[in-house]
file model38.cif (mmCIF, C-alpha atoms and all ligand atoms)
data_input
#
loop_
_atom_site.group_PDB
_atom_site.id
_atom_site.type_symbol
_atom_site.label_atom_id
_atom_site.label_comp_id
_atom_site.auth_asym_id
_atom_site.auth_seq_id
_atom_site.Cartn_x
_atom_site.Cartn_y
_atom_site.Cartn_z
ATOM 1 C CA MET S 76 0.000 0.000 0.000
ATOM 2 C CA ASN S 77 1.265 3.490 -0.788
ATOM 3 C CA VAL S 78 -0.387 6.876 -0.694
ATOM 4 C CA LEU S 79 -1.816 6.499 -4.224
ATOM 5 C CA ASP S 80 -3.566 3.263 -3.269
ATOM 6 C CA PHE S 81 -5.860 5.148 -0.869
ATOM 7 C CA GLN S 82 -7.539 6.969 -3.760
ATOM 8 C CA ALA S 83 -7.536 3.785 -5.844
ATOM 9 C CA CYS S 84 -9.274 1.872 -3.044
ATOM 10 C CA LYS S 85 -11.974 4.530 -2.863
ATOM 11 C CA LYS S 86 -12.485 4.403 -6.638
ATOM 12 C CA ARG S 87 -12.775 0.616 -6.560
ATOM 13 C CA ALA S 88 -15.002 0.750 -3.445
ATOM 14 C CA GLU S 89 -12.511 -1.461 -1.595
ATOM 15 C CA LYS S 90 -12.529 -0.857 2.142
ATOM 16 C CA ILE S 91 -9.283 0.384 3.684
ATOM 17 C CA VAL S 92 -8.326 -1.445 6.889
ATOM 18 C CA MET S 93 -6.205 0.534 9.330
ATOM 19 C CA LEU S 94 -5.095 -0.637 12.756
ATOM 20 C CA THR S 95 -3.103 1.138 15.433
ATOM 21 C CA CYS S 96 0.202 -0.415 16.433
ATOM 22 C CA TYR S 97 2.974 0.859 18.667
ATOM 23 C CA ASP S 98 5.617 -1.834 19.122
ATOM 24 C CA TYR S 99 7.937 -4.160 17.198
ATOM 25 C CA THR S 100 6.431 -7.521 18.218
ATOM 26 C CA SER S 101 2.874 -6.511 17.320
ATOM 27 C CA ALA S 102 4.087 -4.867 14.119
ATOM 28 C CA ARG S 103 5.598 -8.162 12.959
ATOM 29 C CA ILE S 104 2.196 -9.825 13.401
ATOM 30 C CA VAL S 105 0.381 -6.992 11.608
ATOM 31 C CA GLN S 106 2.945 -7.269 8.800
ATOM 32 C CA ASP S 107 1.819 -10.873 8.265
ATOM 33 C CA SER S 108 -1.880 -9.931 8.369
ATOM 34 C CA ASP S 109 -4.392 -8.522 5.865
ATOM 35 C CA VAL S 110 -4.389 -5.091 7.548
ATOM 36 C CA ASP S 111 -3.548 -2.402 4.949
ATOM 37 C CA VAL S 112 -2.304 0.498 7.034
ATOM 38 C CA ILE S 113 -0.713 0.995 10.446
ATOM 39 C CA LEU S 114 -1.490 4.078 12.492
ATOM 40 C CA VAL S 115 1.041 4.799 15.216
ATOM 41 C CA GLY S 116 -1.568 6.791 17.081
ATOM 42 C CA ASP S 117 -1.030 9.136 19.989
ATOM 43 C CA SER S 118 -3.423 6.728 21.736
ATOM 44 C CA ALA S 119 -0.034 5.167 22.602
ATOM 45 C CA ALA S 120 -0.009 7.582 25.540
ATOM 46 C CA MET S 121 -3.094 5.806 26.904
ATOM 47 C CA VAL S 122 -2.781 2.154 25.908
ATOM 48 C CA MET S 123 1.014 1.823 26.110
ATOM 49 C CA HIS S 124 1.862 4.333 28.846
ATOM 50 C CA GLY S 125 -1.293 4.364 30.979
ATOM 51 C CA HIS S 126 -2.118 8.070 30.726
ATOM 52 C CA ALA S 127 -5.742 9.177 31.046
ATOM 53 C CA THR S 128 -5.660 11.146 27.767
ATOM 54 C CA THR S 129 -3.501 11.447 24.640
ATOM 55 C CA LEU S 130 -2.137 14.820 25.766
ATOM 56 C CA PRO S 131 1.114 13.509 27.311
ATOM 57 C CA ALA S 132 2.257 12.082 23.941
ATOM 58 C CA ASP S 133 5.172 14.095 22.566
ATOM 59 C CA SER S 134 7.470 13.865 19.579
ATOM 60 C CA GLU S 135 10.028 11.765 21.459
ATOM 61 C CA MET S 136 7.381 9.207 22.500
ATOM 62 C CA MET S 137 5.864 9.047 19.012
ATOM 63 C CA CYS S 138 9.231 8.663 17.273
ATOM 64 C CA ARG S 139 10.288 5.752 19.522
ATOM 65 C CA HIS S 140 7.006 3.937 18.766
ATOM 66 C CA ILE S 141 7.248 4.683 15.021
ATOM 67 C CA GLU S 142 10.811 3.321 14.931
ATOM 68 C CA SER S 143 9.761 0.103 16.692
ATOM 69 C CA VAL S 144 6.855 -0.423 14.306
ATOM 70 C CA ALA S 145 8.984 0.374 11.253
ATOM 71 C CA ARG S 146 11.554 -2.242 12.344
ATOM 72 C CA GLY S 147 8.785 -4.834 12.493
ATOM 73 C CA THR S 148 7.262 -4.162 9.065
ATOM 74 C CA ARG S 149 8.352 -4.531 5.450
ATOM 75 C CA ASP S 150 5.693 -3.019 3.243
ATOM 76 C CA LYS S 151 2.882 -1.676 5.415
ATOM 77 C CA PHE S 152 2.027 2.013 5.088
ATOM 78 C CA ILE S 153 2.814 3.662 8.428
ATOM 79 C CA ILE S 154 1.110 6.861 9.572
ATOM 80 C CA GLY S 155 2.516 8.768 12.545
ATOM 81 C CA ASP S 156 0.212 10.875 14.709
ATOM 82 C CA MET S 157 1.300 14.476 15.269
ATOM 83 C CA PRO S 158 1.186 14.816 19.067
ATOM 84 C CA PHE S 159 -0.721 17.384 21.124
ATOM 85 C CA LEU S 160 0.244 21.010 20.250
ATOM 86 C CA SER S 161 3.199 19.864 18.130
ATOM 87 C CA PHE S 162 1.658 21.584 15.075
ATOM 88 C CA ARG S 163 0.385 24.672 16.944
ATOM 89 C CA ARG S 164 3.588 26.332 18.210
ATOM 90 C CA SER S 165 5.321 27.491 15.045
ATOM 91 C CA LEU S 166 5.921 26.238 11.519
ATOM 92 C CA PRO S 167 9.608 25.426 12.194
ATOM 93 C CA ASP S 168 8.604 23.418 15.297
ATOM 94 C CA THR S 169 5.896 21.645 13.303
ATOM 95 C CA MET S 170 8.305 20.758 10.520
ATOM 96 C CA GLN S 171 10.874 19.521 13.041
ATOM 97 C CA THR S 172 8.297 17.048 14.419
ATOM 98 C CA VAL S 173 7.191 16.049 10.910
ATOM 99 C CA GLY S 174 10.827 15.490 9.916
ATOM 100 C CA ASP S 175 11.608 13.495 13.062
ATOM 101 C CA MET S 176 8.570 11.232 12.560
ATOM 102 C CA MET S 177 9.323 10.642 8.871
ATOM 103 C CA LYS S 178 12.965 9.854 9.661
ATOM 104 C CA ALA S 179 11.748 7.465 12.363
ATOM 105 C CA GLY S 180 9.960 5.493 9.648
ATOM 106 C CA ALA S 181 6.523 7.041 9.057
ATOM 107 C CA HIS S 182 5.272 7.372 5.475
ATOM 108 C CA ALA S 183 2.707 10.028 6.353
ATOM 109 C CA VAL S 184 1.495 12.052 9.335
ATOM 110 C CA LYS S 185 -1.973 12.518 10.823
ATOM 111 C CA LEU S 186 -3.075 15.804 12.276
ATOM 112 C CA GLU S 187 -6.202 16.453 14.389
ATOM 113 C CA GLY S 188 -8.675 19.237 13.575
ATOM 114 C CA PHE S 189 -8.889 21.717 10.712
ATOM 115 C CA ASP S 190 -9.721 25.095 12.283
ATOM 116 C CA GLY S 191 -6.442 27.053 12.326
ATOM 117 C CA ASN S 192 -4.496 24.202 10.715
ATOM 118 C CA GLY S 193 -5.275 24.671 7.013
ATOM 119 C CA ASN S 194 -2.043 26.478 6.108
ATOM 120 C CA THR S 195 0.007 24.049 8.183
ATOM 121 C CA ILE S 196 -1.524 21.047 6.423
ATOM 122 C CA ALA S 197 -0.893 22.664 3.020
ATOM 123 C CA HIS S 198 2.715 23.447 3.960
ATOM 124 C CA ILE S 199 3.422 19.880 5.133
ATOM 125 C CA VAL S 200 1.867 18.464 1.960
ATOM 126 C CA LYS S 201 3.871 20.864 -0.242
ATOM 127 C CA SER S 202 6.985 19.728 1.625
ATOM 128 C CA GLY S 203 6.417 16.232 0.238
ATOM 129 C CA VAL S 204 4.803 14.629 3.281
ATOM 130 C CA PRO S 205 1.332 13.092 2.931
ATOM 131 C CA VAL S 206 -1.135 14.293 5.576
ATOM 132 C CA MET S 207 -4.155 12.400 6.892
ATOM 133 C CA GLY S 208 -6.802 14.672 8.451
ATOM 134 C CA HIS S 209 -8.824 13.802 11.556
ATOM 135 C CA LEU S 210 -12.231 15.356 12.296
ATOM 136 C CA GLY S 211 -15.213 14.688 14.560
ATOM 137 C CA LEU S 212 -14.089 13.656 18.009
ATOM 138 C CA THR S 213 -10.528 14.914 18.202
ATOM 139 C CA PRO S 214 -9.193 13.509 21.494
ATOM 140 C CA GLN S 215 -6.459 16.148 21.802
ATOM 141 C CA SER S 216 -9.291 18.686 22.328
ATOM 142 C CA VAL S 217 -11.042 16.564 24.957
ATOM 143 C CA HIS S 218 -11.042 19.351 27.537
ATOM 144 C CA GLN S 219 -12.451 21.884 25.094
ATOM 145 C CA ILE S 220 -15.238 19.621 23.825
ATOM 146 C CA GLY S 221 -16.128 18.516 27.354
ATOM 147 C CA GLY S 222 -15.356 14.792 27.124
ATOM 148 C CA TYR S 223 -15.291 11.921 24.677
ATOM 149 C CA ARG S 224 -18.655 12.481 23.024
ATOM 150 C CA VAL S 225 -20.227 12.072 19.591
ATOM 151 C CA GLN S 226 -19.681 15.155 17.406
ATOM 152 C CA GLY S 227 -21.835 16.724 14.674
ATOM 153 C CA ARG S 228 -25.215 15.749 16.100
ATOM 154 C CA ASP S 229 -26.933 19.106 15.566
ATOM 155 C CA ASP S 230 -27.336 20.782 12.161
ATOM 156 C CA CYS S 231 -24.830 23.528 12.828
ATOM 157 C CA ALA S 232 -22.093 21.188 14.039
ATOM 158 C CA ALA S 233 -22.827 18.823 11.151
ATOM 159 C CA ASP S 234 -22.465 21.679 8.634
ATOM 160 C CA THR S 235 -19.165 22.729 10.183
ATOM 161 C CA LEU S 236 -17.896 19.149 9.901
ATOM 162 C CA ARG S 237 -18.981 18.947 6.247
ATOM 163 C CA GLN S 238 -17.151 22.204 5.462
ATOM 164 C CA GLU S 239 -14.025 21.211 7.373
ATOM 165 C CA ALA S 240 -13.908 17.824 5.638
ATOM 166 C CA LEU S 241 -13.963 19.561 2.252
ATOM 167 C CA ALA S 242 -11.347 22.034 3.460
ATOM 168 C CA CYS S 243 -9.074 19.142 4.533
ATOM 169 C CA GLU S 244 -9.336 17.724 1.019
ATOM 170 C CA GLN S 245 -8.631 21.151 -0.523
ATOM 171 C CA ALA S 246 -5.622 21.656 1.763
ATOM 172 C CA GLY S 247 -4.165 18.454 0.326
ATOM 173 C CA CYS S 248 -5.019 15.679 2.810
ATOM 174 C CA PHE S 249 -4.865 12.256 1.137
ATOM 175 C CA ALA S 250 -7.417 10.710 3.535
ATOM 176 C CA LEU S 251 -9.532 11.705 6.497
ATOM 177 C CA VAL S 252 -10.312 9.997 9.790
ATOM 178 C CA LEU S 253 -13.867 10.593 11.020
ATOM 179 C CA GLU S 254 -14.170 9.739 14.699
ATOM 180 C CA CYS S 255 -17.464 9.400 16.599
ATOM 181 C CA VAL S 256 -19.859 11.098 14.215
ATOM 182 C CA PRO S 257 -23.388 9.974 13.315
ATOM 183 C CA GLU S 258 -23.471 7.313 10.606
ATOM 184 C CA GLN S 259 -25.514 9.386 8.126
ATOM 185 C CA LEU S 260 -23.259 12.420 8.467
ATOM 186 C CA ALA S 261 -20.165 10.246 7.904
ATOM 187 C CA ALA S 262 -21.873 8.752 4.830
ATOM 188 C CA ASP S 263 -22.696 12.240 3.471
ATOM 189 C CA ILE S 264 -19.138 13.449 3.993
ATOM 190 C CA THR S 265 -17.737 10.269 2.426
ATOM 191 C CA GLY S 266 -19.951 10.801 -0.639
ATOM 192 C CA SER S 267 -18.922 14.440 -0.978
ATOM 193 C CA LEU S 268 -15.146 13.865 -0.938
ATOM 194 C CA SER S 269 -12.790 12.431 -3.521
ATOM 195 C CA ILE S 270 -10.330 11.378 -0.783
ATOM 196 C CA PRO S 271 -11.224 8.325 1.329
ATOM 197 C CA THR S 272 -12.653 8.555 4.821
ATOM 198 C CA ILE S 273 -11.577 6.118 7.541
ATOM 199 C CA GLY S 274 -14.143 5.784 10.292
ATOM 200 C CA ILE S 275 -14.010 4.935 13.974
ATOM 201 C CA GLY S 276 -17.402 5.142 15.609
ATOM 202 C CA ALA S 277 -18.689 6.625 12.351
ATOM 203 C CA GLY S 278 -20.824 3.781 11.029
ATOM 204 C CA ALA S 279 -20.450 1.449 8.082
ATOM 205 C CA HIS S 280 -20.420 3.861 5.136
ATOM 206 C CA THR S 281 -16.918 5.312 5.365
ATOM 207 C CA ASP S 282 -14.249 4.162 2.895
ATOM 208 C CA GLY S 283 -12.366 2.319 5.607
ATOM 209 C CA GLN S 284 -12.274 1.549 9.307
ATOM 210 C CA VAL S 285 -9.707 1.977 12.047
ATOM 211 C CA LEU S 286 -9.593 0.497 15.542
ATOM 212 C CA VAL S 287 -7.136 0.681 18.388
ATOM 213 C CA MET S 288 -5.342 -2.680 18.529
ATOM 214 C CA GLN S 289 -5.814 -3.171 22.279
ATOM 215 C CA ASP S 290 -9.577 -2.600 21.910
ATOM 216 C CA LEU S 291 -9.906 -5.075 19.026
ATOM 217 C CA LEU S 292 -7.943 -7.696 20.970
ATOM 218 C CA GLY S 293 -10.014 -7.212 24.134
ATOM 219 C CA LEU S 294 -6.955 -6.122 26.107
ATOM 220 C CA SER S 295 -8.336 -2.811 27.373
ATOM 221 C CA ALA S 296 -9.586 -3.166 30.928
ATOM 222 C CA ASP S 297 -12.533 -0.809 31.360
ATOM 223 C CA PHE S 298 -12.958 0.601 27.862
ATOM 224 C CA LYS S 299 -15.696 -0.842 25.664
ATOM 225 C CA PRO S 300 -17.493 1.899 23.723
ATOM 226 C CA LYS S 301 -20.372 1.007 21.398
ATOM 227 C CA PHE S 302 -18.199 1.142 18.276
ATOM 228 C CA VAL S 303 -15.588 -1.375 19.429
ATOM 229 C CA ARG S 304 -15.932 -5.027 18.465
ATOM 230 C CA GLN S 305 -13.609 -7.317 20.386
ATOM 231 C CA TYR S 306 -12.228 -10.100 18.198
ATOM 232 C CA LEU S 307 -10.379 -11.798 21.049
ATOM 233 C CA ALA S 308 -10.954 -12.127 24.780
ATOM 234 C CA GLY S 309 -7.357 -10.970 25.103
ATOM 235 C CA ARG S 310 -7.333 -10.041 28.793
ATOM 236 C CA GLN S 311 -8.770 -13.385 29.830
ATOM 237 C CA LEU S 312 -6.437 -15.334 27.515
ATOM 238 C CA TRP S 313 -3.351 -13.475 28.756
ATOM 239 C CA LYS S 314 -4.433 -13.879 32.389
ATOM 240 C CA ASP S 315 -5.062 -17.617 31.880
ATOM 241 C CA ALA S 316 -1.578 -18.031 30.373
ATOM 242 C CA PHE S 317 0.080 -16.089 33.232
ATOM 243 C CA ASN S 318 -1.824 -18.114 35.827
ATOM 244 C CA ALA S 319 -1.048 -21.435 34.132
ATOM 245 C CA TRP S 320 2.671 -20.572 34.194
ATOM 246 C CA ALA S 321 2.530 -19.349 37.809
ATOM 247 C CA SER S 322 0.836 -22.597 38.792
ATOM 248 C CA ASP S 323 3.426 -24.720 36.892
ATOM 249 C CA VAL S 324 6.273 -22.832 38.605
ATOM 250 C CA ARG S 325 4.731 -23.329 42.044
ATOM 251 C CA ASN S 326 3.971 -27.021 41.419
ATOM 252 C CA GLY S 327 7.455 -27.705 40.091
ATOM 253 C CA HIS S 328 6.084 -28.457 36.590
ATOM 254 C CA PHE S 329 8.132 -25.682 35.002
ATOM 255 C CA PRO S 330 10.784 -26.009 33.767
ATOM 256 C CA THR S 331 11.143 -29.655 32.718
ATOM 257 C CA THR S 332 14.453 -31.302 31.890
ATOM 258 C CA ASP S 333 13.705 -30.600 28.203
ATOM 259 C CA GLU S 334 13.454 -26.930 29.050
ATOM 260 C CA SER S 335 16.775 -26.964 30.927
ATOM 261 C CA TYR S 336 20.425 -27.065 29.727
ATOM 262 C CA SER S 337 22.521 -30.162 30.360
ATOM 263 C CA GLN S 338 26.124 -29.965 31.481
HETATM 264 O O1 LIG H 401 -4.500 7.875 18.188
HETATM 265 C C1 LIG H 401 -5.305 7.091 17.657
HETATM 266 O O2 LIG H 401 -5.316 5.886 17.912
HETATM 267 C C2 LIG H 401 -6.252 7.638 16.698
HETATM 268 C C3 LIG H 401 -7.322 6.724 16.185
HETATM 269 C C4 LIG H 401 -8.343 6.493 17.206
HETATM 270 C C5 LIG H 401 -7.914 7.237 14.925
HETATM 271 O O3 LIG H 401 -6.170 8.769 16.370
#
call {"tool": "encode", "arguments": {"input": "model38.cif", "output": "structure tokens"}}
result
Amino acid sequence: MNVLDFQACKKRAEKIVMLTCYDYTSARIVQDSDVDVILVGDSAAMVMHGHATTLPADSEMMCRHIESVARGTRDKFIIGDMPFLSFRRSLPDTMQTVGDMMKAGAHAVKLEGFDGNGNTIAHIVKSGVPVMGHLGLTPQSVHQIGGYRVQGRDDCAADTLRQEALACEQAGCFALVLECVPEQLAADITGSLSIPTIGIGAGAHTDGQVLVMQDLLGLSADFKPKFVRQYLAGRQLWKDAFNAWASDVRNGHFPTTDESYSQ
């Protein structure tokens, strides 16, 4: 998959499958899977580092995760998330972060929100770096929007989202994440754009879907929003494996002679 394939997928009505990933071992498994695109999301701050929001993610954190994922993949398209405020300080600061993430192994960057970011997006794109937009629920603005809630429910907010989606396309974004927006609005936006939309909590009519890996695998402890489908009872399976090993150690069943070195 490369940046041109996104448009091609939309034209052929082939769904784009994007999954978050943050580490080398998982990346090697994703590499061998049918997932098209890897997002090294700033959700790393939450699912890998235990923070309550994505705000503590910074360029250093994102670059280390991007490097690990890049080492574990051969030909997956990797998108690095621009962390909180990294594109709001100054253009040189923004471009430093973009450069660091691309050198770490990203093939594109993702940037939350449009308002105030149009020129920045256009500048990054003109610098030769593909940009994925992200509208709807933008978790970096969680304190301004008053929590993790569905966006674009009233007519005015829906109109703003429609306009911003078009503006993202005009600024040069190659694709757009729509997070937690009503299904019909996501479908309307998808139909109005020539770039593909990738939905999370945005219904079935976007051009692709993205989920956080830990959610899909059932590894997240207390987080099960409506839009997540767990494909594995990961927590239970991991716990069972840990407990089976602990029990074997305590009963003297681990290690066996076969699992030990001879003289
Ligand atoms: O950081 C992230 O994982 C994301 C996805 C939820 C789209 O931005």
call {"tool": "residues_near_ligand", "arguments": {"input": "model38.cif", "ligand": "ligand LIG 401 (chain H)", "cutoff": "8 Å", "atoms": "only C-alpha atoms and all ligand atoms", "output": "list in words"}}
result
Thr95, Leu114, Val115, Gly116, Asp117, Ser118, Ala119, Thr129, Asp156, Lys185, Glu187, His209, Thr213, Pro214, Val252, Leu253, Glu254, Gly274, Ile275, Val285, Leu286 and Val287 of chain S
call {"tool": "atom_distance", "arguments": {"input": "model38.cif", "atom1": "atom CA of Thr235 of chain S", "atom2": "atom CA of Ile264 of chain S"}}
result
11.2 Å
call {"tool": "resolve_selection", "arguments": {"input": "model38.cif", "expression": "the PyMOL selection byres (((chain S and resi 304-310) around 7) and not hetatm)", "output": "short mmCIF file (atom, residue, chain, number, x, y, z; two decimals) with C-alpha atoms, in the frame of the given file"}}
result
data_model
loop_
_atom_site.label_atom_id
_atom_site.label_comp_id
_atom_site.auth_asym_id
_atom_site.auth_seq_id
_atom_site.Cartn_x
_atom_site.Cartn_y
_atom_site.Cartn_z
CA ASP S 290 -9.58 -2.60 21.91
CA LEU S 291 -9.91 -5.08 19.03
CA LEU S 292 -7.94 -7.70 20.97
CA GLY S 293 -10.01 -7.21 24.13
CA LEU S 294 -6.96 -6.12 26.11
CA PHE S 302 -18.20 1.14 18.28
CA VAL S 303 -15.59 -1.38 19.43
CA GLN S 311 -8.77 -13.38 29.83
CA LEU S 312 -6.44 -15.33 27.52
CA TRP S 313 -3.35 -13.48 28.76
CA LYS S 314 -4.43 -13.88 32.39
#
call {"tool": "closest_residue", "arguments": {"input": "model38.cif", "among": "S:Gly221, S:Gly147, S:Gly203, S:Pro271", "to": "Met177 of chain S", "atoms": "all atoms listed in the file"}}
result
S:Gly203
call {"tool": "atom_distance", "arguments": {"input": "model38.cif", "atom1": "atom CA of Asn192 of chain S", "atom2": "atom CA of Ser143 of chain S"}}
result
28.6 Å
call {"tool": "closest_residue", "arguments": {"input": "model38.cif", "among": "S:Ser267, S:Ser216, S:Ser337, S:Asn77", "to": "Asp282 of chain S", "atoms": "all atoms listed in the file"}}
result
S:Ser267
call {"tool": "resolve_selection", "arguments": {"input": "model38.cif", "expression": "the PyMOL selection byres (((chain S and resi 283) around 7) and not hetatm)", "output": "ChimeraX atom specification"}}
result
/S:90-92,272-274,281-282,284-285
call {"tool": "axis_aligned_box", "arguments": {"input": "model38.cif", "around": "segment 254-268 of chain S", "padding_each_side": "3 Å", "output": "JSON"}}
result
{"center_x": -19.8, "center_y": 10.9, "center_z": 7.8, "size_x": 17.3, "size_y": 13.1, "size_z": 23.6}
call {"tool": "resolve_selection", "arguments": {"input": "model38.cif", "expression": "the PyMOL selection byres (((chain S and resi 204) around 10) and not hetatm)", "output": "PyMOL selection string"}}
result
chain S and resi 173-174+177+181-184+196-203+205-207+248
call {"tool": "residues_around", "arguments": {"input": "model38.cif", "residues": "segment 104-110 of chain S", "least_positions_apart": "5", "cutoff": "7 Å", "atoms": "all atoms listed in the file", "output": "list of chain:residue names"}}
result
S:Val92, S:Met93, S:Leu94, S:Thr148, S:Arg149, S:Lys151
call {"tool": "residues_around", "arguments": {"input": "model38.cif", "residues": "segment 130-133 of chain S", "least_positions_apart": "5", "cutoff": "7 Å", "atoms": "all atoms listed in the file", "output": "list in words"}}
result
Asp117, Ala120, Pro158, Phe159 and Gln215 of chain S
call {"tool": "write_last_selection", "arguments": {"input": "model38.cif", "atoms": "C-alpha atoms", "output": "CSV table (one decimal), in the frame of the given file"}}
result
chain,number,residue,atom,x,y,z
S,117,ASP,CA,-1.0,9.1,20.0
S,120,ALA,CA,0.0,7.6,25.5
S,158,PRO,CA,1.2,14.8,19.1
S,159,PHE,CA,-0.7,17.4,21.1
S,215,GLN,CA,-6.5,16.1,21.8
call {"tool": "atom_distance", "arguments": {"input": "model38.cif", "atom1": "atom CA of His124 of chain S", "atom2": "atom CA of Ile154 of chain S"}}
result
19.5 Å
call {"tool": "closest_residue", "arguments": {"input": "model38.cif", "among": "S:His218, S:Thr128, S:Asp234, S:Ala250", "to": "Val78 of chain S", "atoms": "all atoms listed in the file"}}
result
S:Ala250
call {"tool": "residues_around", "arguments": {"input": "model38.cif", "residues": "Val144 of chain S", "least_positions_apart": "5", "cutoff": "9 Å", "atoms": "all atoms listed in the file", "output": "PyMOL selection string"}}
result
chain S and resi 96-103+113+115+139+153+180
call {"tool": "residues_around", "arguments": {"input": "model38.cif", "residues": "segment 230-233 of chain S", "least_positions_apart": "2", "cutoff": "10 Å", "atoms": "all atoms listed in the file", "output": "ChimeraX atom specification"}}
result
/S:211,226-228,235-239,256-257,260-261,264
call {"tool": "build_atoms", "arguments": {"input": "model38.cif", "residues": "segment 196-202 of chain S", "atoms": "all heavy atoms", "output": "mmCIF file, in the coordinates of the input"}}
result
data_model
loop_
_atom_site.group_PDB
_atom_site.id
_atom_site.type_symbol
_atom_site.label_atom_id
_atom_site.label_comp_id
_atom_site.auth_asym_id
_atom_site.auth_seq_id
_atom_site.Cartn_x
_atom_site.Cartn_y
_atom_site.Cartn_z
ATOM 1 N N ILE S 196 -1.329 22.270 7.213
ATOM 2 C CA ILE S 196 -1.524 21.047 6.423
ATOM 3 C C ILE S 196 -0.968 21.255 5.015
ATOM 4 O O ILE S 196 -0.206 20.433 4.496
ATOM 5 C CB ILE S 196 -3.032 20.656 6.374
ATOM 6 C CG1 ILE S 196 -3.521 20.234 7.762
ATOM 7 C CG2 ILE S 196 -3.270 19.548 5.349
ATOM 8 C CD1 ILE S 196 -5.017 20.012 7.883
ATOM 9 N N ALA S 197 -1.336 22.394 4.398
ATOM 10 C CA ALA S 197 -0.893 22.664 3.020
ATOM 11 C C ALA S 197 0.630 22.726 2.952
ATOM 12 O O ALA S 197 1.242 22.199 2.008
ATOM 13 C CB ALA S 197 -1.505 23.967 2.526
ATOM 14 N N HIS S 198 1.246 23.335 3.966
ATOM 15 C CA HIS S 198 2.715 23.447 3.960
ATOM 16 C C HIS S 198 3.378 22.067 4.077
ATOM 17 O O HIS S 198 4.349 21.777 3.373
ATOM 18 C CB HIS S 198 3.185 24.346 5.111
ATOM 19 C CG HIS S 198 4.663 24.589 5.095
ATOM 20 N ND1 HIS S 198 5.261 25.565 4.326
ATOM 21 C CD2 HIS S 198 5.676 23.933 5.723
ATOM 22 C CE1 HIS S 198 6.574 25.518 4.496
ATOM 23 N NE2 HIS S 198 6.849 24.534 5.337
ATOM 24 N N ILE S 199 2.840 21.228 4.966
ATOM 25 C CA ILE S 199 3.422 19.880 5.133
ATOM 26 C C ILE S 199 3.293 19.106 3.823
ATOM 27 O O ILE S 199 4.238 18.467 3.363
ATOM 28 C CB ILE S 199 2.742 19.119 6.299
ATOM 29 C CG1 ILE S 199 2.912 19.872 7.625
ATOM 30 C CG2 ILE S 199 3.310 17.702 6.430
ATOM 31 C CD1 ILE S 199 2.086 19.298 8.791
ATOM 32 N N VAL S 200 2.103 19.194 3.220
ATOM 33 C CA VAL S 200 1.867 18.464 1.960
ATOM 34 C C VAL S 200 2.820 18.966 0.878
ATOM 35 O O VAL S 200 3.447 18.175 0.157
ATOM 36 C CB VAL S 200 0.391 18.617 1.505
ATOM 37 C CG1 VAL S 200 0.188 18.026 0.115
ATOM 38 C CG2 VAL S 200 -0.546 17.963 2.509
ATOM 39 N N LYS S 201 2.975 20.300 0.799
ATOM 40 C CA LYS S 201 3.871 20.864 -0.242
ATOM 41 C C LYS S 201 5.325 20.522 0.036
ATOM 42 O O LYS S 201 6.179 20.618 -0.847
ATOM 43 C CB LYS S 201 3.679 22.381 -0.337
ATOM 44 C CG LYS S 201 2.428 22.740 -1.105
ATOM 45 C CD LYS S 201 2.255 24.219 -1.272
ATOM 46 C CE LYS S 201 0.878 24.524 -1.837
ATOM 47 N NZ LYS S 201 0.271 25.695 -1.216
ATOM 48 N N SER S 202 5.614 20.140 1.277
ATOM 49 C CA SER S 202 6.985 19.728 1.625
ATOM 50 C C SER S 202 7.239 18.272 1.259
ATOM 51 O O SER S 202 8.320 17.739 1.541
ATOM 52 C CB SER S 202 7.231 19.923 3.120
ATOM 53 O OG SER S 202 6.898 21.228 3.507
#
